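Asks: Let me give you the structure first, and then I'll get to my questions.
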Amino acid sequence: MEEKPKKLVILYATQTGNAMDAAERLGREAERRGCPVTLCSMDEFNANSLPQEDTVIFVVSTTGQGDTPDSMKDFWRFLLQKNLTKHWLEGVHYAVFGLGDSGYQKYNFVAKKLDKRLSDLGAAAIVERGLGDDQHPSGYEGALDPWMSSLWRALHQVNPKFFPKGPDFVIPESKLIDQPKLQITYYETDMVDSQLYTATDLKSIQMQIERARSMLPGKFSHDKSKPDCFLKMVKNQPLTRAGCGRDVRHFEFEFVSSAIKYEVGDVLEVLPGQNPAAVAAFIQRCNLDPESLITVHPRVMESAESNAPNVPIKLKTFVELTMDIASASPRRYFFEVMSFFATAQHEKERLQYFTSPEGRDDLYQYNQKERRTVLEVLEDFPSVQMPFEWLVQLVPQLKTRAFSISSSLSAHPNEVHLTVNVVSWTTPFKRKRTGLCSMWLAKLDPQQRLYIPAWFHKGLLPPPPPSLPLILVGPGTGCAPFRGFVEERTIQDVSGRAAPILLFFGCRNEENDFLYKDFWLSHAPENGVLSEQRGGGFYVAFSRDQPQKVYVQHKMREHSERIWDLVLEGASIYVAGSSTKMPSDVMAAFEDIISQEAGVSKEAAGLLLRRLERDGRYHVEAWS
């Protein structure tokens, strides 16, 4: 009897969902060629069983400044164990595809280090690693498509049993699109206790959020479904001058449920509300009954969690709390499934073209570049009527948005503050777009007393002890966590002489966007924690107030001696702000300063900075 080939294992580690989408696409394409596949997130896979696998494909994203996604952290720690020998993965074949952004300093760092570690442990690469780049005209798919072609040929050479009819044989997509992964169960209204889905008190709202989000496809931890607490907004204050082209807000929230003991440097995640008109339009466009009661669960019940929810929820509430219908752009597979359900021939042909290799760039221009929403795409193809099961599976999930906390709990008991840039931009076709969460927060009226679901977690900036001198670099909204640092240290300074803080802030104009001007200046006089007399200081770079642009790195070089003195005193460096060029420009400035003040080469200065990073004295929190 002929031995069945082992399944091709595809493991992914994702932070925003792109790596999961890429991995699912790899799985679909492999199955279309007759290859059986096991697909799962790295945090669901037992790393200890890796040597027993024949061939493993890894799809990993890089987050922040070269960090591994949360779902990969345990897996990566396991691979770094010193007791694993260079023969541990002998006989295992692998391939790595990375998703990154070449605008970041550590582009695709996670894929590169995973590739090297697997090789060091004895595994054999079957194809050169692929590196997807968000900056490519077609996004990461610009690299994924050619890499997949190479992968199928290489896999066929390694084990012809993977593709019984060869790597070029493809089952038509229409034969695979038969059943979605999810199943919707509908309930009669009179069979369910109406209090379970109509109550508006805090406890009931929490239950509805937990119930809806725990039904989401994919692994979703119980803690992530249930909010840590609820907040109510008590202040919504513009920090920038009206009409200056930027809108940055200071938000203050009070805890309305149990208060969370957060620390400076922590991060707050908020689940944004969606526009009721957009939700109503989506439900109408898809011919759904907003009042119907549903549960959502995997079609293959064996894979369902034992504690899977079976309490129904209103369809409209489920859409509001879980499906990003008017902000996020759909993925390519959304268009593939749409083409199957299109009844107008011209729409079917256009959708099929979009999902073909020839139409990839045009799809990217139409969809991602324009940031077309699910609702807009559905309205562009009116003949498409997708079953709700497919919509739940394919519409991007409504994600929480993370913000650095800009307050100290010691200074503001029972409160948490945020500093938020209200995102808005114009697409290539002159469409006005806004950030879902930031615009929603900006439009909230503190008098509304709306309950805001929130989660707290550690950020990349650990809270410093009062005895530690600090060098802080935070242009724009990067100053947000440092407001909390200064508040905390001011309180610590009352009970004992706290160490100084040297803070570099940058903005465009003194008149337009000098965020928290009065706050910083109030802590800079002689006895303040930002005072020069105590070894600290507060320095601002106004980039547009003079003919030549001045940035934080220019101000840093002006005060190189003070920076070097604090480094010698054991200071820790914290950098926060935009992820584009700022972190690398600031690090280059530190290299110049160390080289100049210590009288060493640039290479030696760079090595010293690497050592500061390893010792936990150089921290970066950057966002795109």
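Naming works like this for the structure tokens: A, B, ... for the chains as they're shown, residue 1 at the start of each chain, ligands 1 onward in shown order.
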Quick one: residues within 9 Å of A:Ala259, only C-alpha atoms, excluding same-chain residues fewer than 6 positions away - as an MDAnalysis selection string?
Replies: chainID A and resid 229:230 413:415
Asks: Using backbone DSSP assignments, extract all alpha helix (DSSP H) residues from stretch 59-218 of chain A; output them as a ChimeraX atom specification.
Replies: /A:73-79,109-120,141-158,173-176,195-198,202-214
Asks: Of the candidates A:Leu268, A:Leu460, A:Leu293, A:Val529, which one gets nearest to A:Ile491 if we count only C-alpha atoms?
Replies: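 Of A:Leu268, A:Leu460, A:Leu293, A:Val529, the one nearest A:Ile491, counting only C-alpha atoms, is A:Val529.
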Asks: So what do you get for atom CA of A:Lys224 versus atom CA of A:Gln15, distance-wise?
Replies: 13.7 Å
Asks: Could you give me, as a VMD selection string, the residues within 8 Å of A:Trp425, counting only C-alpha atoms and dropping anything in the same chain fewer than 3 positions from it?
Replies: chain A and resid 432 to 434
Asks: Filtering to C-alpha atoms, could you give me those residues as a PDB file, in the first residue's frame?
Replies:
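Written out: part28.pdb:
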```
ATOM      1  CA  LYS A 432     -10.662  61.917   1.913  1.00  0.00           C
ATOM      2  CA  ARG A 433      -9.800  59.237   4.462  1.00  0.00           C
ATOM      3  CA  THR A 434      -9.625  59.337   8.249  1.00  0.00           C
TER       4      THR A 434
END
```
Asks: Do you know which residues are at most 12 Å from A:Tyr366 counting only C-alpha atoms, after dropping those on the same chain fewer than 5 positions away, and could you put them as JSON, numbers by chain?
Replies: {"A": [137, 138, 329, 330, 331, 332, 335, 350, 351, 354, 359, 360, 361, 371, 372, 373, 376, 377, 380, 427, 428, 429]}
Asks: Please produce an output containing C-alpha atoms for each residue in the selection, written as a compact mmCIF listing (two decimals), in the first residue's frame.
Replies:
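File again-v1.txt, as written:
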```txt
# COMPACT_ATOMS: atom_id res chain seq x y z
CA PRO A 137 3.91 48.93 -5.67
CA SER A 138 1.95 45.70 -5.03
CA SER A 329 -9.46 47.19 2.99
CA PRO A 330 -10.40 43.60 2.12
CA ARG A 331 -7.69 41.05 1.18
CA ARG A 332 -7.18 39.51 -2.24
CA PHE A 335 -12.10 39.34 -4.41
CA ARG A 350 -13.18 42.16 -13.61
CA LEU A 351 -12.93 40.31 -10.29
CA PHE A 354 -8.01 41.43 -10.24
CA GLY A 359 -4.15 42.06 -12.50
CA ARG A 360 -2.22 42.11 -9.22
CA ASP A 361 -0.88 45.66 -9.59
CA ARG A 371 -7.90 52.09 1.07
CA ARG A 372 -11.26 51.05 -0.29
CA THR A 373 -13.46 49.66 2.43
CA GLU A 376 -17.29 50.41 -0.94
CA VAL A 377 -16.06 47.28 -2.72
CA ASP A 380 -18.86 48.64 -6.69
CA THR A 427 -5.82 59.00 -1.58
CA PRO A 428 -4.30 59.10 -5.11
CA PHE A 429 -7.85 59.59 -6.48
```
Asks: Which one is closest to A:Val234: A:Gln447, A:Gln393, A:Ser578, A:Asn83? Count only C-alpha atoms.
Replies: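 Of A:Gln447, A:Gln393, A:Ser578, A:Asn83, the one nearest A:Val234, counting only C-alpha atoms, is A:Gln447.
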